[in-house]
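As stored in coords.cif (mmCIF, C-alpha atoms and all ligand atoms):
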```cif
data_model
loop_
_atom_site.label_atom_id
_atom_site.label_comp_id
_atom_site.auth_asym_id
_atom_site.auth_seq_id
_atom_site.Cartn_x
_atom_site.Cartn_y
_atom_site.Cartn_z
CA MET A 20 -62.78 -30.49 10.36
CA SER A 21 -59.34 -29.72 8.87
CA GLU A 22 -56.52 -28.14 10.87
CA SER A 23 -56.46 -24.96 8.75
CA SER A 24 -60.19 -24.22 9.16
CA GLN A 25 -59.88 -24.73 12.93
CA SER A 26 -57.10 -22.10 13.19
CA SER A 27 -59.02 -19.52 11.04
CA SER A 28 -62.18 -19.73 13.20
CA GLY A 29 -60.03 -19.38 16.30
CA SER A 30 -58.39 -16.13 15.03
CA SER A 31 -61.75 -14.55 14.01
CA GLY A 32 -63.10 -15.29 17.52
CA ALA A 33 -60.13 -13.50 19.08
CA LYS A 34 -60.63 -10.56 16.71
CA GLY A 35 -64.30 -10.33 17.72
CA VAL A 36 -63.36 -10.07 21.41
CA LYS A 37 -60.78 -7.38 20.64
CA GLU A 38 -63.27 -5.35 18.60
CA SER A 39 -65.98 -5.56 21.21
CA PHE A 40 -63.49 -4.18 23.76
CA TRP A 41 -61.91 -1.39 21.69
CA ASP A 42 -64.93 -0.12 19.72
CA PRO A 43 -66.60 1.59 22.72
CA VAL A 44 -63.24 3.05 23.73
CA ALA A 45 -62.82 4.47 20.22
CA GLY A 46 -66.37 5.84 20.38
CA PHE A 47 -65.67 7.65 23.65
CA GLY A 48 -62.47 8.93 22.05
CA VAL A 49 -64.57 10.72 19.41
CA THR A 50 -66.78 12.17 22.16
CA PHE A 51 -63.74 13.32 24.13
CA ARG A 52 -62.07 14.96 21.11
CA THR A 53 -65.31 16.75 20.14
CA MET A 54 -65.63 18.26 23.63
CA PHE A 55 -62.66 20.54 22.85
CA LYS A 56 -63.81 21.65 19.40
CA LYS A 57 -65.44 25.05 18.73
CA VAL A 58 -69.21 24.85 19.35
CA VAL A 59 -71.21 25.63 16.19
CA THR A 60 -74.68 25.57 17.77
CA GLU A 61 -76.46 28.93 17.39
CA GLN A 62 -78.48 30.20 20.37
CA TYR A 63 -81.29 31.57 18.17
CA PRO A 64 -83.54 33.43 19.02
CA PHE A 65 -81.57 34.67 22.05
CA GLU A 66 -78.53 35.54 19.93
CA LYS A 67 -79.10 36.61 16.34
CA LEU A 68 -76.15 36.32 14.03
CA PRO A 69 -75.91 38.52 10.92
CA THR A 70 -76.84 36.86 7.63
CA ALA A 71 -74.70 36.81 4.50
CA PRO A 72 -74.82 40.30 2.93
CA ARG A 73 -76.77 39.09 -0.14
CA PHE A 74 -79.24 36.95 1.85
CA HIS A 75 -82.76 37.15 0.36
CA GLY A 76 -85.10 38.26 3.14
CA ARG A 77 -88.22 40.41 3.38
CA HIS A 78 -88.80 42.82 0.48
CA GLN A 79 -88.62 46.60 0.61
CA LEU A 80 -90.20 49.24 -1.63
CA ASN A 81 -87.62 52.00 -1.96
CA ARG A 82 -87.96 55.78 -2.17
CA TRP A 83 -86.19 58.60 -3.95
CA PRO A 84 -84.23 61.03 -1.74
CA ASP A 85 -87.22 63.42 -1.60
CA GLY A 86 -89.50 60.65 -0.29
CA LEU A 87 -91.38 59.90 -3.54
CA GLU A 88 -91.84 56.19 -4.23
CA LYS A 89 -89.74 54.42 -6.86
CA CYS A 90 -92.53 51.96 -7.72
CA ILE A 91 -94.38 52.88 -10.92
CA GLY A 92 -97.05 50.17 -10.62
CA CYS A 93 -95.92 48.40 -13.81
CA GLU A 94 -96.60 44.88 -12.42
CA LEU A 95 -93.44 43.39 -13.95
CA CYS A 96 -92.51 41.96 -10.54
CA ALA A 97 -95.91 40.25 -10.29
CA TRP A 98 -95.54 38.74 -13.78
CA ALA A 99 -92.03 37.48 -12.99
CA CYS A 100 -93.06 35.78 -9.75
CA PRO A 101 -93.22 31.97 -10.15
CA ALA A 102 -95.32 31.61 -6.99
CA ASP A 103 -97.96 34.23 -7.87
CA ALA A 104 -97.18 35.93 -4.57
CA ILE A 105 -97.35 39.60 -5.67
CA TYR A 106 -100.45 41.67 -6.34
CA VAL A 107 -100.10 45.19 -7.78
CA GLU A 108 -102.65 47.76 -8.85
CA GLY A 109 -101.25 50.87 -10.54
CA ALA A 110 -102.89 54.30 -10.66
CA SER A 111 -102.12 57.66 -12.26
CA ASN A 112 -100.25 60.45 -10.51
CA SER A 113 -101.68 63.91 -10.78
CA ASP A 114 -100.14 67.34 -10.29
CA LEU A 115 -103.56 68.89 -9.83
CA GLU A 116 -104.09 70.06 -6.28
CA ASP A 117 -106.95 68.80 -4.15
CA ALA A 118 -109.09 70.96 -1.85
CA ASP A 119 -106.28 71.01 0.75
CA GLY A 120 -103.71 72.19 -1.81
CA ASN A 121 -101.96 68.80 -2.00
CA SER A 122 -101.04 67.19 -5.30
CA GLN A 123 -101.78 63.48 -5.78
CA ARG A 124 -98.24 62.59 -6.81
CA PHE A 125 -96.68 59.53 -5.18
CA SER A 126 -93.83 58.87 -7.65
CA PRO A 127 -92.07 60.72 -10.48
CA GLY A 128 -93.70 60.04 -13.87
CA GLU A 129 -97.20 58.99 -14.82
CA ARG A 130 -97.99 56.00 -12.61
CA TYR A 131 -97.49 54.70 -9.09
CA GLY A 132 -98.32 51.50 -7.23
CA ARG A 133 -101.65 52.23 -5.54
CA VAL A 134 -102.01 48.71 -4.12
CA TYR A 135 -98.97 46.54 -3.49
CA GLN A 136 -99.13 43.21 -1.65
CA ILE A 137 -96.71 40.32 -1.16
CA ASN A 138 -98.11 37.07 0.17
CA TYR A 139 -95.40 35.47 2.32
CA LEU A 140 -97.41 32.27 2.56
CA ARG A 141 -96.49 31.79 -1.10
CA CYS A 142 -93.19 33.61 -1.54
CA ILE A 143 -90.14 31.36 -1.85
CA LEU A 144 -87.71 34.31 -1.59
CA CYS A 145 -86.20 33.48 -4.97
CA GLY A 146 -85.52 37.10 -5.96
CA LEU A 147 -86.89 36.94 -9.51
CA CYS A 148 -89.19 39.88 -8.77
CA ILE A 149 -86.33 42.20 -7.83
CA GLU A 150 -84.49 41.27 -11.01
CA ALA A 151 -87.58 42.18 -13.05
CA CYS A 152 -88.13 45.60 -11.45
CA PRO A 153 -87.07 48.34 -13.92
CA THR A 154 -86.69 51.12 -11.33
CA ARG A 155 -84.96 49.25 -8.47
CA ALA A 156 -88.07 50.07 -6.47
CA LEU A 157 -88.17 46.53 -5.14
CA THR A 158 -85.19 45.05 -3.30
CA MET A 159 -84.79 42.48 -0.56
CA THR A 160 -83.57 43.10 2.98
CA ASN A 161 -81.75 40.64 5.25
CA GLU A 162 -84.75 40.30 7.55
CA TYR A 163 -85.76 36.64 7.86
CA GLU A 164 -88.18 36.58 10.80
CA LEU A 165 -91.36 36.14 8.78
CA ALA A 166 -93.27 33.67 10.97
CA ASP A 167 -96.68 34.54 12.39
CA ASP A 168 -99.59 32.84 14.12
CA ASN A 169 -102.21 33.65 11.47
CA ARG A 170 -102.40 33.70 7.69
CA ALA A 171 -103.76 37.23 7.21
CA ASP A 172 -100.74 38.93 8.79
CA LEU A 173 -98.41 37.21 6.32
CA ILE A 174 -99.91 39.18 3.44
CA TYR A 175 -97.80 42.33 3.60
CA GLU A 176 -99.38 45.56 2.35
CA LYS A 177 -97.60 48.50 0.73
CA SER A 178 -97.43 50.26 4.10
CA ASP A 179 -95.55 47.26 5.55
CA LEU A 180 -93.10 47.13 2.66
CA LEU A 181 -92.29 50.83 2.07
CA ALA A 182 -88.87 51.97 3.21
CA PRO A 183 -88.97 54.32 6.22
CA LEU A 184 -88.74 58.06 5.65
CA LEU A 185 -85.16 59.17 6.22
CA PRO A 186 -84.11 62.71 7.21
CA GLY A 187 -84.84 65.08 4.31
CA MET A 188 -87.65 62.90 2.94
CA GLU A 189 -91.27 64.01 2.85
CA GLN A 190 -94.31 61.74 3.06
CA PRO A 191 -96.01 61.51 -0.40
CA PRO A 192 -98.17 62.72 -2.01
CA HIS A 193 -96.17 65.81 -2.92
CA PRO A 194 -94.71 67.41 -6.09
CA MET A 195 -91.36 66.35 -7.55
CA ARG A 196 -88.78 68.20 -5.48
CA LEU A 197 -85.62 67.03 -7.22
CA GLY A 198 -86.26 67.84 -10.88
CA ASP A 199 -88.71 69.10 -13.46
CA ASP A 200 -89.71 65.67 -14.74
CA GLU A 201 -89.12 61.98 -14.12
CA GLY A 202 -86.16 62.03 -16.55
CA ASP A 203 -84.17 64.02 -13.99
CA TYR A 204 -84.76 61.28 -11.43
CA TYR A 205 -83.91 58.40 -13.75
CA ARG A 206 -80.86 60.10 -15.32
CA GLY A 207 -79.54 61.08 -11.91
CA THR A 208 -79.56 64.79 -12.82
CA THR A 209 -81.67 65.73 -9.81
CA ARG A 210 -80.99 69.06 -8.15
S1 LIG B 1 -88.99 36.42 -4.14
FE1 LIG B 1 -89.70 35.00 -5.76
S2 LIG B 1 -91.52 34.03 -4.91
FE2 LIG B 1 -91.10 35.81 -3.64
S3 LIG B 1 -92.37 37.44 -4.51
FE3 LIG B 1 -90.34 37.58 -5.49
S4 LIG B 1 -90.49 36.35 -7.37
FE4 LIG B 1 -92.23 35.79 -6.04
S1 LIG B 2 -91.95 47.06 -7.70
FE1 LIG B 2 -90.90 47.46 -9.65
S2 LIG B 2 -91.64 45.87 -11.06
FE2 LIG B 2 -93.05 45.89 -9.30
S3 LIG B 2 -94.72 47.25 -9.93
FE3 LIG B 2 -93.23 48.50 -8.82
S4 LIG B 2 -91.86 49.34 -10.40
FE4 LIG B 2 -92.97 47.63 -11.33
#
```
Show me the file's structure as structure tokens.
Amino acid sequence: MSESSQSSSGSSGAKGVKESFWDPVAGFGVTFRTMFKKVVTEQYPFEKLPTAPRFHGRHQLNRWPDGLEKCIGCELCAWACPADAIYVEGASNSDLEDADGNSQRFSPGERYGRVYQINYLRCILCGLCIEACPTRALTMTNEYELADDNRADLIYEKSDLLAPLLPGMEQPPHPMRLGDDEGDYYRGTTR
């Protein structure tokens, strides 16, 4: 063996000993430094942090200020959905009064959403449905807790999705309180 090859193998052996000594020390150094950094672990579900304002969570079917529903049962949201997660059945409003003196009007205009379902087993929360909605009836909330222990409860019905009645709102069916026709609602010329 030549003299030069002997000296190179000797230096790599010394380097190996040095590395095997210092590498664990360097590793503990990382651990030690990290101990003083801000903890990013979230304590969910015990502490719930707010989502980003535009987070796509559970849907909501909105109302006009008098409580009538904004959904007109047009099914555009269902057609826009890439996951086939929405089912809508429209029906006609009527201003004729029933035996109890109540009209069968649920929204301004001709039609309303009689059946409205969103299947959260399919929904990917992409938001295409809310873009397709012509009346802004359908929007998305920031609510993300959509887990359940059975499949049936993840099919949300209209009653699960409708916005709550706020002060001044009246549970439909009832006549249009804010204008003479749906144009007043859509043009924002309500009284
Ligand atoms: S968010 Fe997307 S997947 Fe979910 S119902 Fe709307 S269009 Fe369908
Ligand atoms: S939520 Fe909007 S798009 Fe869907 S049926 Fe109702 S009005 Fe039409």
> Residues at most 12 Å from segment 177-191 of chain A, counting all atoms listed in the file, excluding those fewer than 5 positions away in the same chain, as a count of residues only?
Replying inline: 46
> Can I get the residues close to ligand LIG 1 (chain B) as a PyMOL selection string, where close means within 9 Å and we count all atoms listed in the file?
Replying inline: chain A and resi 75-78+96-105+137-139+141-151+159
>> One decimal, in Å: what's the spacing between atom CA of Thr70 of chain A and atom FE2 of ligand LIG 2 (chain B)?
In response: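 Atom-to-atom, atom CA of Thr70 of chain A to atom FE2 of ligand LIG 2 (chain B), that is 25.1 Å.
Note that the spacing between atom CA of Pro153 of chain A and atom CA of Ala110 of chain A amounts to 17.2 Å.
The shortest atom-to-atom distance to Met195 of chain A, with only C-alpha atoms taken into account, belongs to A:Glu129 out of A:Phe55, A:Glu129, A:Glu176, A:Asp168.
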> When distances are computed from only C-alpha atoms and all ligand atoms, which of A:Cys152, A:Leu115, A:Val36, A:Ala166 shows the smallest separation from ligand LIG 2 (chain B)?
Replying inline: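 Using only C-alpha atoms and all ligand atoms, the shortest distance to ligand LIG 2 (chain B) belongs to A:Cys152.
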> In Å, how far is it from atom CA of Asp117 of chain A to atom CA of Arg206 of chain A?
Replying inline: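 For atom CA of Asp117 of chain A relative to atom CA of Arg206 of chain A, the distance reads 29.7 Å.
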Go ahead and fit an axis-aligned box to every listed atom of ligand LIG 2 (chain B) plus 5 Å each side, and pass me the centre and edge lengths in Å, one decimal, as JSON.
```
{"center_x": -92.8, "center_y": 47.6, "center_z": -9.5, "size_x": 13.8, "size_y": 13.5, "size_z": 13.6}
```
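Using only C-alpha atoms and all ligand atoms for every distance, the candidate list A:Lys57, A:Arg170, A:His193, A:Arg130 yields A:Arg130 as the residue closest to ligand LIG 2 (chain B).
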> Which residue gives the smallest distance to ligand LIG 2 (chain B) among A:Thr154, A:Asn169, A:Ser39, A:Asn161, with only C-alpha atoms and all ligand atoms counted?
Replying inline: A:Thr154
> With all atoms listed in the file as the atoms that count, which of A:Ala118, A:Leu95, A:Gly109, A:Thr208 lies nearest to ligand LIG 2 (chain B)?
Replying inline: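 When distances to ligand LIG 2 (chain B) are compared using all atoms listed in the file, the smallest one comes from A:Leu95.
Each of A:Val49, A:Met54, A:Ala71, A:Cys93 was checked against ligand LIG 2 (chain B) using all atoms listed in the file; the smallest atom-to-atom distance is that of A:Cys93.
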